[in-house]
Every structure is written in structure tokens, then in C-alpha cells.
$ cat run12.csv   # CSV, C-alpha atoms
chain,number,residue,atom,x,y,z
A,1,MET,CA,113.7,258.5,71.1
A,2,LYS,CA,116.4,256.8,69.1
A,3,THR,CA,118.7,256.9,72.1
A,4,ILE,CA,116.1,255.3,74.3
A,5,LEU,CA,115.6,252.4,71.8
A,6,ILE,CA,119.4,251.8,71.7
A,7,LEU,CA,119.6,251.7,75.5
A,8,LEU,CA,116.6,249.3,75.7
A,9,SER,CA,118.2,247.1,73.1
A,10,ALA,CA,121.5,246.9,75.0
A,11,LEU,CA,119.6,246.1,78.2
A,12,VAL,CA,117.7,243.2,76.6
A,13,SER,CA,121.0,241.9,75.2
A,14,LEU,CA,122.6,242.0,78.7
A,15,ILE,CA,119.6,240.1,80.1
A,16,ILE,CA,119.9,237.4,77.4
A,17,LEU,CA,123.6,237.0,78.0
A,18,TYR,CA,123.0,236.7,81.7
A,19,PHE,CA,120.6,233.8,81.3
A,20,LEU,CA,122.8,232.1,78.7
A,21,PHE,CA,126.1,232.2,80.5
A,22,VAL,CA,125.4,232.8,84.2
A,23,LYS,CA,122.1,231.2,85.2
A,24,LYS,CA,123.0,228.2,83.0
A,25,LYS,CA,125.4,227.1,85.8
A,26,ASP,CA,122.5,226.9,88.2
A,27,PRO,CA,120.4,223.7,88.0
A,28,LEU,CA,116.8,223.9,87.0
A,29,PRO,CA,114.2,223.6,89.6
A,30,VAL,CA,112.8,220.1,90.2
A,31,ASN,CA,109.2,220.0,91.4
A,32,GLY,CA,109.4,223.5,92.5
A,33,LYS,CA,112.6,222.8,94.6
A,34,LYS,CA,116.1,223.8,93.7
A,35,HIS,CA,118.1,220.8,92.8
A,36,LYS,CA,121.5,220.5,94.6
A,37,VAL,CA,124.5,220.0,92.4
A,38,PRO,CA,126.4,216.9,93.4
A,39,SER,CA,129.9,217.6,94.8
A,40,ARG,CA,132.9,216.4,92.8
A,41,ARG,CA,134.5,215.4,96.1
A,42,LEU,CA,134.2,211.7,96.7
A,43,GLU,CA,132.7,210.8,100.1
A,44,VAL,CA,133.9,207.6,101.7
A,45,PRO,CA,130.9,205.9,103.3
A,46,PRO,CA,131.4,205.3,107.1
A,47,SER,CA,132.1,201.8,108.2
A,48,THR,CA,129.4,199.9,109.9
A,49,TYR,CA,131.6,199.5,112.9
A,50,THR,CA,133.0,203.1,113.1
A,51,SER,CA,132.3,203.4,116.8
A,52,THR,CA,134.6,200.5,117.6
A,53,LYS,CA,137.6,201.9,115.7
A,54,PRO,CA,140.8,202.1,117.7
A,55,SER,CA,142.8,205.3,118.0
A,56,ASN,CA,146.4,206.2,118.9
A,57,ILE,CA,147.8,203.4,116.8
A,58,PRO,CA,151.4,203.8,115.7
A,59,ALA,CA,151.9,203.5,112.0
A,60,MET,CA,152.5,200.0,110.9
A,61,SER,CA,154.6,199.0,107.9
A,62,LEU,CA,152.4,198.9,104.8
A,63,ASP,CA,154.0,195.6,103.8
A,64,THR,CA,153.4,194.1,107.2
A,65,ILE,CA,149.7,194.9,107.1
A,66,THR,CA,149.3,193.8,103.5
A,67,GLN,CA,150.9,190.5,104.2
A,68,LEU,CA,148.9,190.0,107.4
A,69,LYS,CA,145.7,190.8,105.5
A,70,ALA,CA,146.4,188.2,102.8
A,71,HIS,CA,147.3,185.6,105.5
A,72,VAL,CA,144.1,186.3,107.6
A,73,LEU,CA,141.8,186.3,104.6
A,74,GLU,CA,143.3,183.0,103.3
A,75,GLY,CA,142.9,181.6,106.8
A,76,ILE,CA,139.2,182.7,107.0
A,77,ASN,CA,138.6,181.0,103.6
A,78,ASN,CA,140.1,177.8,104.9
A,79,ILE,CA,138.0,178.0,108.2
A,80,LEU,CA,134.8,178.4,106.2
A,81,SER,CA,135.6,176.0,103.4
A,82,ASP,CA,137.6,173.0,104.6
A,83,TYR,CA,135.1,171.2,106.8
A,84,ARG,CA,134.9,167.5,106.2
A,85,SER,CA,132.0,165.3,107.5
A,86,GLU,CA,132.9,163.4,110.7
A,87,ASP,CA,132.5,159.8,111.7
A,88,THR,CA,129.5,159.7,113.9
A,89,LYS,CA,131.2,157.0,116.0
A,90,ASN,CA,133.9,159.5,117.2
A,91,THR,CA,134.0,159.9,120.9
A,92,LEU,CA,132.6,163.3,122.0
A,93,PRO,CA,134.1,165.3,124.9
A,94,LEU,CA,132.6,164.7,128.3
A,95,GLN,CA,129.8,167.0,129.4
A,96,ARG,CA,129.2,168.4,132.8
A,97,LYS,CA,126.4,165.9,133.5
A,98,GLU,CA,128.8,163.1,132.8
A,99,THR,CA,131.6,164.4,135.0
A,100,ASN,CA,132.4,162.7,138.3
A,101,PRO,CA,130.8,164.8,141.2
A,102,GLU,CA,134.1,164.6,143.2
A,103,ILE,CA,136.0,166.2,140.3
A,104,ILE,CA,133.4,168.9,140.1
A,105,ALA,CA,133.7,169.6,143.8
A,106,LYS,CA,137.5,169.7,143.4
A,107,VAL,CA,137.2,172.4,140.6
A,108,LYS,CA,134.9,174.5,142.8
A,109,ALA,CA,137.2,174.2,145.8
A,110,HIS,CA,140.3,175.1,143.7
A,111,VAL,CA,138.7,178.2,142.1
A,112,GLY,CA,137.0,179.4,145.3
A,113,ASP,CA,134.7,182.5,145.3
A,114,MET,CA,134.5,184.5,142.1
A,115,LYS,CA,134.4,188.0,143.6
A,116,GLU,CA,137.3,188.9,141.4
A,117,PHE,CA,135.3,188.1,138.3
A,118,SER,CA,132.2,189.9,139.7
A,119,SER,CA,134.3,193.1,140.0
A,120,PHE,CA,135.7,192.7,136.5
A,121,ASP,CA,132.2,192.1,135.1
A,122,GLU,CA,130.8,195.1,136.8
A,123,LEU,CA,133.5,197.4,135.4
A,124,SER,CA,133.2,195.7,132.0
A,125,ALA,CA,129.5,196.4,131.9
A,126,LEU,CA,130.1,200.0,132.7
A,127,LEU,CA,132.6,200.3,129.8
A,128,ASP,CA,130.0,198.8,127.4
A,129,ASP,CA,127.8,201.8,128.1
A,130,PRO,CA,128.4,204.3,125.2
A,131,ASN,CA,127.5,207.1,127.6
A,132,VAL,CA,129.9,206.0,130.4
A,133,ASP,CA,131.7,208.8,132.3
A,134,MET,CA,135.4,207.8,131.9
A,135,THR,CA,136.3,210.1,134.8
A,136,LYS,CA,134.3,207.8,137.1
A,137,ILE,CA,136.0,204.7,135.7
A,138,ALA,CA,139.4,206.4,136.2
A,139,LYS,CA,138.5,207.1,139.9
A,140,ARG,CA,137.5,203.5,140.5
A,141,ILE,CA,140.7,202.2,138.9
A,142,SER,CA,142.8,204.7,140.9
A,143,SER,CA,141.4,203.2,144.1
A,144,ASP,CA,143.2,200.0,143.3
A,145,PRO,CA,147.0,200.6,143.4
A,146,VAL,CA,148.0,197.3,141.8
A,147,LEU,CA,145.6,197.9,138.8
A,148,SER,CA,146.6,201.5,138.5
A,149,ASN,CA,150.3,200.6,138.3
A,150,LYS,CA,149.6,197.9,135.7
A,151,ILE,CA,147.6,200.3,133.5
A,152,LEU,CA,150.2,203.0,133.8
A,153,ARG,CA,153.0,200.5,133.0
A,154,VAL,CA,151.2,199.4,129.8
A,155,ALA,CA,150.5,203.0,128.7
A,156,ASN,CA,154.2,203.7,129.2
A,157,SER,CA,155.3,200.6,127.3
A,158,ALA,CA,157.7,200.6,124.4
A,159,TYR,CA,154.7,200.1,122.0
A,160,PHE,CA,153.7,203.7,122.2
A,161,GLY,CA,157.3,205.1,122.1
A,162,SER,CA,156.1,208.2,124.0
A,163,ARG,CA,158.8,210.6,125.2
A,164,VAL,CA,156.4,212.0,127.7
A,165,GLU,CA,155.7,209.8,130.8
A,166,VAL,CA,152.0,209.0,131.2
A,167,ASP,CA,151.2,209.5,134.9
A,168,SER,CA,147.5,210.0,134.7
A,169,ILE,CA,144.9,207.2,134.6
A,170,ASN,CA,142.6,209.4,132.5
A,171,HIS,CA,145.5,209.8,129.9
A,172,ALA,CA,146.3,206.1,130.1
A,173,LEU,CA,142.7,205.1,129.4
A,174,SER,CA,142.5,207.3,126.4
A,175,MET,CA,145.7,205.9,125.0
A,176,LEU,CA,144.8,202.2,125.6
A,177,GLY,CA,141.2,202.2,124.3
A,178,LEU,CA,138.2,200.1,125.4
A,179,ILE,CA,139.4,196.7,124.3
A,180,ASN,CA,142.8,196.9,126.1
A,181,ILE,CA,141.3,198.3,129.3
A,182,LYS,CA,138.9,195.4,129.5
A,183,ALA,CA,141.7,192.9,128.8
A,184,ILE,CA,143.9,194.4,131.6
A,185,LEU,CA,141.0,194.3,134.0
A,186,PHE,CA,140.4,190.7,133.2
A,187,HIS,CA,144.1,189.7,133.6
A,188,ASN,CA,144.3,191.7,136.9
A,189,ALA,CA,141.2,189.8,138.3
A,190,PHE,CA,142.6,186.3,137.6
A,191,SER,CA,146.4,186.5,137.4
A,192,ASN,CA,146.9,185.8,141.1
A,193,LYS,CA,144.3,183.0,141.0
A,194,LEU,CA,145.8,181.3,137.9
A,195,LYS,CA,149.5,181.8,138.0
A,196,GLY,CA,151.0,178.8,136.2
A,197,SER,CA,154.6,177.8,136.8
A,198,LYS,CA,157.9,179.3,135.8
A,199,GLU,CA,158.8,176.1,133.9
A,200,ASN,CA,155.7,176.6,131.7
A,201,PHE,CA,155.7,180.4,131.6
A,202,THR,CA,155.8,180.5,127.7
A,203,ILE,CA,152.7,178.2,127.5
A,204,TYR,CA,150.8,180.2,130.1
A,205,GLN,CA,151.7,183.5,128.5
A,206,SER,CA,150.4,182.0,125.2
A,207,LEU,CA,147.2,181.0,127.0
A,208,TRP,CA,146.6,184.5,128.2
A,209,GLY,CA,147.5,186.0,124.8
A,210,HIS,CA,145.2,183.6,123.0
A,211,ALA,CA,142.2,184.4,125.3
A,212,ILE,CA,142.7,188.1,124.8
A,213,ALA,CA,143.2,187.8,121.0
A,214,THR,CA,140.0,185.6,120.8
A,215,ALA,CA,138.1,188.3,122.7
A,216,THR,CA,139.4,191.0,120.4
A,217,CYS,CA,138.5,189.1,117.2
A,218,ALA,CA,135.1,188.3,118.7
A,219,PHE,CA,134.5,191.9,119.4
A,220,TYR,CA,135.1,192.9,115.7
A,221,LEU,CA,133.6,189.9,113.9
A,222,SER,CA,130.3,190.4,115.8
A,223,GLU,CA,129.5,192.8,112.9
A,224,ALA,CA,129.2,189.7,110.7
A,225,PHE,CA,126.4,188.1,112.8
A,226,ASP,CA,122.8,189.4,113.3
A,227,GLY,CA,121.8,190.4,116.8
A,228,LEU,CA,124.9,189.6,118.9
A,229,ASN,CA,126.0,191.7,121.8
A,230,LYS,CA,129.6,192.8,121.5
A,231,GLY,CA,130.2,193.0,125.2
A,232,LYS,CA,128.8,189.5,125.8
A,233,LEU,CA,130.8,188.0,122.9
A,234,TYR,CA,134.0,189.8,124.1
A,235,THR,CA,133.5,188.3,127.6
A,236,LEU,CA,133.0,184.8,126.1
A,237,GLY,CA,136.3,185.2,124.2
A,238,LEU,CA,138.1,186.0,127.4
A,239,VAL,CA,136.7,183.2,129.5
A,240,HIS,CA,136.3,180.3,127.1
A,241,ASP,CA,139.6,178.7,127.9
A,242,ILE,CA,140.0,179.5,131.6
A,243,GLY,CA,139.8,175.7,132.3
A,244,LYS,CA,143.2,175.3,130.7
A,245,PHE,CA,144.7,177.1,133.7
A,246,ILE,CA,142.6,175.2,136.2
A,247,ILE,CA,143.1,171.6,135.4
A,248,PRO,CA,146.9,171.2,135.7
A,249,GLU,CA,147.0,173.3,138.9
A,250,MET,CA,144.0,171.4,140.4
A,251,ASP,CA,145.7,168.1,139.5
A,252,GLY,CA,148.5,168.9,141.9
A,253,SER,CA,151.1,169.5,139.2
A,254,ARG,CA,151.8,172.7,137.4
A,255,HIS,CA,153.6,170.9,134.7
A,256,VAL,CA,151.8,171.3,131.4
A,257,ASN,CA,152.7,168.4,129.2
A,258,ASP,CA,152.2,167.9,125.5
A,259,CYS,CA,148.9,166.1,126.0
A,260,TYR,CA,147.6,169.2,127.7
A,261,VAL,CA,149.0,171.8,125.3
A,262,THR,CA,147.4,170.2,122.2
A,263,PRO,CA,143.9,171.6,122.8
A,264,PHE,CA,145.4,174.4,120.7
A,265,GLY,CA,146.1,171.8,118.1
A,266,GLU,CA,144.2,168.7,116.9
A,267,LYS,CA,140.6,168.6,118.0
A,268,THR,CA,140.8,165.1,119.7
A,269,SER,CA,143.1,166.4,122.3
A,270,ILE,CA,140.2,167.6,124.4
A,271,VAL,CA,139.1,163.9,124.6
A,272,ARG,CA,142.6,163.1,125.9
A,273,GLU,CA,142.0,165.7,128.6
A,274,ASP,CA,139.0,163.6,129.7
A,275,THR,CA,141.1,160.4,129.7
A,276,SER,CA,144.0,162.1,131.6
A,277,PHE,CA,142.1,164.1,134.2
A,278,GLY,CA,138.5,162.9,134.1
A,279,ILE,CA,137.4,166.4,132.9
A,280,ASN,CA,138.2,168.7,130.0
A,281,HIS,CA,138.9,172.4,130.1
A,282,ALA,CA,135.6,173.5,128.6
A,283,VAL,CA,133.6,171.7,131.4
A,284,ALA,CA,136.1,173.0,134.0
A,285,GLY,CA,135.6,176.5,132.7
A,286,ARG,CA,131.8,176.2,133.0
A,287,ILE,CA,132.1,174.9,136.6
A,288,ALA,CA,134.5,177.7,137.6
A,289,PHE,CA,131.9,180.4,136.6
A,290,GLU,CA,128.8,178.7,137.9
A,291,ASP,CA,128.8,180.7,141.1
A,292,SER,CA,129.6,184.0,139.3
A,293,CYS,CA,127.3,186.5,137.6
A,294,LEU,CA,127.5,184.7,134.2
A,295,SER,CA,124.2,183.7,132.7
A,296,GLN,CA,123.1,180.2,132.1
A,297,GLN,CA,123.4,180.8,128.4
A,298,LEU,CA,127.1,181.9,128.6
A,299,LEU,CA,127.9,178.9,130.9
A,300,GLN,CA,126.5,176.5,128.3
A,301,LEU,CA,128.4,178.2,125.5
A,302,ILE,CA,131.7,177.8,127.4
A,303,GLU,CA,131.0,174.1,128.0
A,304,TYR,CA,130.2,173.4,124.4
A,305,HIS,CA,132.6,175.7,122.5
A,306,HIS,CA,134.6,172.7,121.1
A,307,PHE,CA,131.6,170.7,120.0
A,308,PRO,CA,131.3,172.2,116.5
A,309,SER,CA,134.6,170.3,115.7
A,310,TYR,CA,132.7,167.1,116.1
A,311,GLY,CA,129.9,167.5,113.6
A,312,SER,CA,127.2,169.9,112.7
A,313,ASN,CA,124.5,168.3,114.9
A,314,SER,CA,126.6,167.2,117.9
A,315,PHE,CA,126.7,170.4,119.9
A,316,TYR,CA,124.2,172.0,122.2
A,317,ALA,CA,122.4,175.0,120.7
A,318,SER,CA,118.7,175.2,121.5
A,319,THR,CA,118.0,178.5,119.9
A,320,THR,CA,119.1,180.4,116.8
A,321,GLU,CA,120.7,183.0,119.0
A,322,ASP,CA,122.8,180.2,120.8
A,323,ARG,CA,123.9,178.9,117.4
A,324,ARG,CA,125.0,182.4,116.4
A,325,TYR,CA,127.0,182.9,119.6
A,326,ILE,CA,128.6,179.5,119.4
A,327,ALA,CA,129.5,180.0,115.7
A,328,ALA,CA,130.9,183.5,116.4
A,329,LEU,CA,132.9,182.2,119.4
A,330,TYR,CA,134.3,179.2,117.5
A,331,LEU,CA,135.2,181.5,114.5
A,332,ALA,CA,136.9,184.0,116.8
A,333,ASN,CA,138.8,181.2,118.4
A,334,GLN,CA,140.1,180.0,115.1
A,335,ILE,CA,140.8,183.5,113.6
A,336,ALA,CA,142.8,184.5,116.7
A,337,LYS,CA,145.2,181.6,115.9
A,338,LEU,CA,146.0,183.3,112.6
A,339,PHE,CA,147.8,186.0,114.6
A,340,ALA,CA,150.1,183.6,116.5
A,341,GLY,CA,153.8,184.5,116.4
A,342,ASP,CA,156.3,182.1,115.0
A,343,GLU,CA,157.3,180.8,118.4
A,344,GLU,CA,153.6,180.1,119.2
A,345,LYS,CA,152.6,178.3,116.0
A,346,PRO,CA,153.5,174.8,117.2
A,347,PHE,CA,150.8,175.2,119.9
A,348,PHE,CA,148.1,176.0,117.4
A,349,ALA,CA,146.1,174.3,114.7
A,350,ILE,CA,143.1,175.8,113.0
A,351,GLN,CA,139.8,173.8,112.8
A,352,PRO,CA,137.1,174.5,110.1
A,353,LEU,CA,133.6,175.6,110.9
A,354,PRO,CA,130.7,173.3,110.1
A,355,PRO,CA,128.7,174.6,107.2
A,356,ILE,CA,125.5,174.7,109.3
A,357,LEU,CA,127.2,177.3,111.4
A,358,GLY,CA,129.1,178.9,108.6
A,359,ASN,CA,125.8,179.7,107.0
A,360,LEU,CA,125.0,182.0,109.9
A,361,VAL,CA,127.9,184.4,109.2
A,362,ASN,CA,127.8,187.2,106.7
A,363,ARG,CA,131.0,186.2,104.9
A,364,THR,CA,131.3,189.5,102.9
A,365,MET,CA,131.0,191.5,106.1
A,366,LEU,CA,133.5,189.2,107.9
A,367,GLU,CA,136.0,189.7,105.1
A,368,ASN,CA,135.5,193.4,105.1
A,369,VAL,CA,136.1,193.6,108.8
A,370,PHE,CA,139.4,191.7,108.5
A,371,SER,CA,140.4,193.6,105.4
A,372,ASP,CA,140.4,196.8,107.4
A,373,SER,CA,143.9,197.9,108.2
A,374,ARG,CA,142.8,199.6,111.4
A,375,VAL,CA,141.2,196.4,112.7
A,376,LEU,CA,144.4,194.4,111.9
A,377,SER,CA,146.5,197.1,113.5
A,378,GLU,CA,144.4,197.0,116.7
A,379,ILE,CA,144.8,193.3,117.0
A,380,LEU,CA,148.5,193.6,116.6
A,381,LYS,CA,148.4,196.4,119.2
A,382,THR,CA,146.5,194.2,121.6
A,383,LYS,CA,149.0,191.4,121.2
A,384,SER,CA,152.0,193.7,121.8
A,385,LEU,CA,150.4,195.3,124.8
A,386,THR,CA,149.4,191.9,126.3
A,387,GLU,CA,153.1,190.9,126.3
A,388,SER,CA,153.9,194.0,128.4
A,389,TYR,CA,151.7,192.9,131.4
A,390,VAL,CA,151.2,189.1,131.1

$ encode --input "run12.csv" --output "C-alpha cells"
Amino acid sequence: MKTILILLSALVSLIILYFLFVKKKDPLPVNGKKHKVPSRRLEVPPSTYTSTKPSNIPAMSLDTITQLKAHVLEGINNILSDYRSEDTKNTLPLQRKETNPEIIAKVKAHVGDMKEFSSFDELSALLDDPNVDMTKIAKRISSDPVLSNKILRVANSAYFGSRVEVDSINHALSMLGLINIKAILFHNAFSNKLKGSKENFTIYQSLWGHAIATATCAFYLSEAFDGLNKGKLYTLGLVHDIGKFIIPEMDGSRHVNDCYVTPFGEKTSIVREDTSFGINHAVAGRIAFEDSCLSQQLLQLIEYHHFPSYGSNSFYASTTEDRRYIAALYLANQIAKLFAGDEEKPFFAIQPLPPILGNLVNRTMLENVFSDSRVLSEILKTKSLTESYV
């Protein structure tokens, strides 16, 4: 009997020790459910624009990205903070309804049909589909030898530094990414129609580069606005300055003088376009796309994309959505200039955004987007690749 008591005592002691030192590590039940112990491993919350992140980006110098980030954030602060009220007597740029019908007819005759853009827009819309079958896209591209060669050339450019030759369109598309595929498609559609001249090659190259940089910035900063379509905003970025190619060629001279270059600079230069040519590039761009598949909304946004420079109430924007789009396009246009190289900077001057439009942007989100090293690297990648095919 004594032996049994000793054994029972030892068993009770073991049970007590078990609950004191083993079960204590398990959390107590909460409302009848076992409470999960938080992990000590820190989880980084996913970005709100994770699906748009670039891939295959070569490592950039940490110092380069850090300096660029500081430069871009300072520029954004200036764009959103430096607006000064305008003299209401200032001359506004001509609108389409004020343009001589003969000049309008001349623009349409110069541009001709827009089947090239229709083809681009169709492929671009397919690429905007998150469920798109890239094999089908590759087959369509492969049916165009010129486009195929251009894409393969870009994929084999020095930027990637690949030792293995890329000879597959599928492989090339995966390396380049959505943004650069669309940019190449756009350039391929219009490069023959809008060639420029050898004497002004640097300026025309800068025009193409700025259009593509604006589209790229627009794609990313769409996160800072409510309810904007990324694909639509990207297209607006690509086409907003197409009139800058049209006017000097239509005028019978491919020479682009200082008066024409300065639309990248001071805002009043667009009025000098009106004086010199009887039309400005924004109106010319709208007219060029009137027979294309672009919506009336996008045509109006192209025409009025410089109007925010002339005062908060002087531009066309009939709906809140229109105001968001014109604010986003204007902002992308200015931010893209922050990425200009040293040799391009004389062509560019940055204009502030009117407060009434600045209030439509989520500034914290905007700064987060352009604080992301991957976004900055993608924009640098796009600029570098643009130089390989423009």
C-alpha cells in the first residue's frame, strides 16, 4: 500500500510539472478557440501596386537610386507647392474651335489614316488584360518582321548585359515587361509617320523619350488618384505631345527652332506656337486622333493638357473624373522631366500644379510610389531601353 501511495505521489508531481513548464508555452484558449501565437518574423506588407512591379532589373548603384529618390521627391514637392496665381489677362492657347479650318484640314491630310494607331491600341488593350495569354501576343508580334526584330534588338541591348542571345519573342517579352512592350509597339506604329530630320535628331529623340517617360510615370502615379484606369492614363502619356512631331513637318520645314523646342520649357511657348503656326501641338494632337479609336474624353484631355498652367479655372474639365485625369497627366508630364539627362535639361522646365488639381492627388501615396527603388529603377530601365530603339 505504501508503494502505491509513493507511485501516485510521483505521478501527481509529474502532472503538475507538465502543466507548469510545458503547457505554459501554449496560449490559453480565447472564447473556446486556440489563440495563435504571433510570429517573431516581421512581415512586410505588400505594396498597393505589387502587380505592376518590374522584373529582371539589373542592380543599380545604391548611391544612384538614393540621389535620384531625393531629387525626384524634391521635384514633386516643388510641383505641388510652387504654384502662383496667374494674371487673368494672360492669353490662353488656341482651342480647336478657334483654329482655322484650313489648318485643321492640313493636319488631317498630313497624318492620313490612323490604322497604325488602331493596331497599337488593340494590342495595348490586350496587354491590359491581367489574364492575357502572352503566347498569343507573341504570335501576333512574330507575324510582323519589323516589330519582331525591334523587340529582339531591345532584348539583346547592352542594358541587360546578357551573354545568351535572346532569339525568342516569348523570352524577349518576359525580359522587357509590360511597360516597355507597349512603348515599343507605340514607337513602331508611328516612327515611320513621324520621322523628324537628321539635323534635329537629338530633339526628336528627346520628344520620343519624354512621351514614353511620361507614360511610365503616369502608369505608376495612377495609384495616387481614385478611380483612374492605368491603361488609359498610360496611353494619354504616350500621345499627349504627338502634335510636336506634326507641326514642323506639316509646315513644310523639318527644322525645329528654339521657338518650337520651348514647349518643354516656359509655359507661354505654346502661345508662340499659335503665333508661328496658327495652331499649337495640343490641338494638333487632338485633331490627329479624331479619326482613331480614342474616346471623346481622351481627345479633350489631349487638347487641354497645358491649360492647368494658365490658372485653376481656365481649363476644360466637366467632371470630377476629367479633373483627375488631367491632373494625373499634367503631374506625370512634369515628373517625367525630373528624369531628364544632363544633355536634355536645357529642353525642359517644370511647371507647378494648381492647388485645385493638387488637392485631387493623394500626396502620401504619390511620395511612396516615387520612394520605391523598384519604380525608380524601372523608369531608368525604360529610358535606357528607349535609347536602344528610338

$ closest_residue --input "run12.csv" --among "A:Ser222, A:Ser124, A:Asn170, A:Gln296" --to "Leu366 in chain A" --atoms "only C-alpha atoms"
A:Ser222

$ closest_residue --input "run12.csv" --among "A:Thr275, A:Asn229, A:Ile212, A:Lys244" --to "Lys383 in chain A" --atoms "all atoms listed in the file"
A:Ile212

$ closest_residue --input "run12.csv" --among "A:Met175, A:Lys182, A:Arg96, A:Ile169" --to "Ser157 in chain A" --atoms "only C-alpha atoms"
A:Met175

$ atom_distance --input "run12.csv" --atom1 "CA of Asp133 in chain A" --atom2 "CA of Asp121 in chain A"
16.9 Å

$ atom_distance --input "run12.csv" --atom1 "CA of Ser168 in chain A" --atom2 "CA of Lys150 in chain A"
12.3 Å

$ atom_distance --input "run12.csv" --atom1 "CA of Pro130 in chain A" --atom2 "CA of Glu116 in chain A"
24.1 Å

$ closest_residue --input "run12.csv" --among "A:Ala284, A:Val271, A:Val369, A:Leu238" --to "Gln300 in chain A" --atoms "all atoms listed in the file"
A:Ala284

$ closest_residue --input "run12.csv" --among "A:Val72, A:Ile203, A:Leu338, A:Met114" --to "Cys293 in chain A" --atoms "only C-alpha atoms"
A:Met114

$ closest_residue --input "run12.csv" --among "A:Ala211, A:Leu221, A:Ala282, A:Leu353" --to "Asn368 in chain A" --atoms "only C-alpha atoms"
A:Leu221
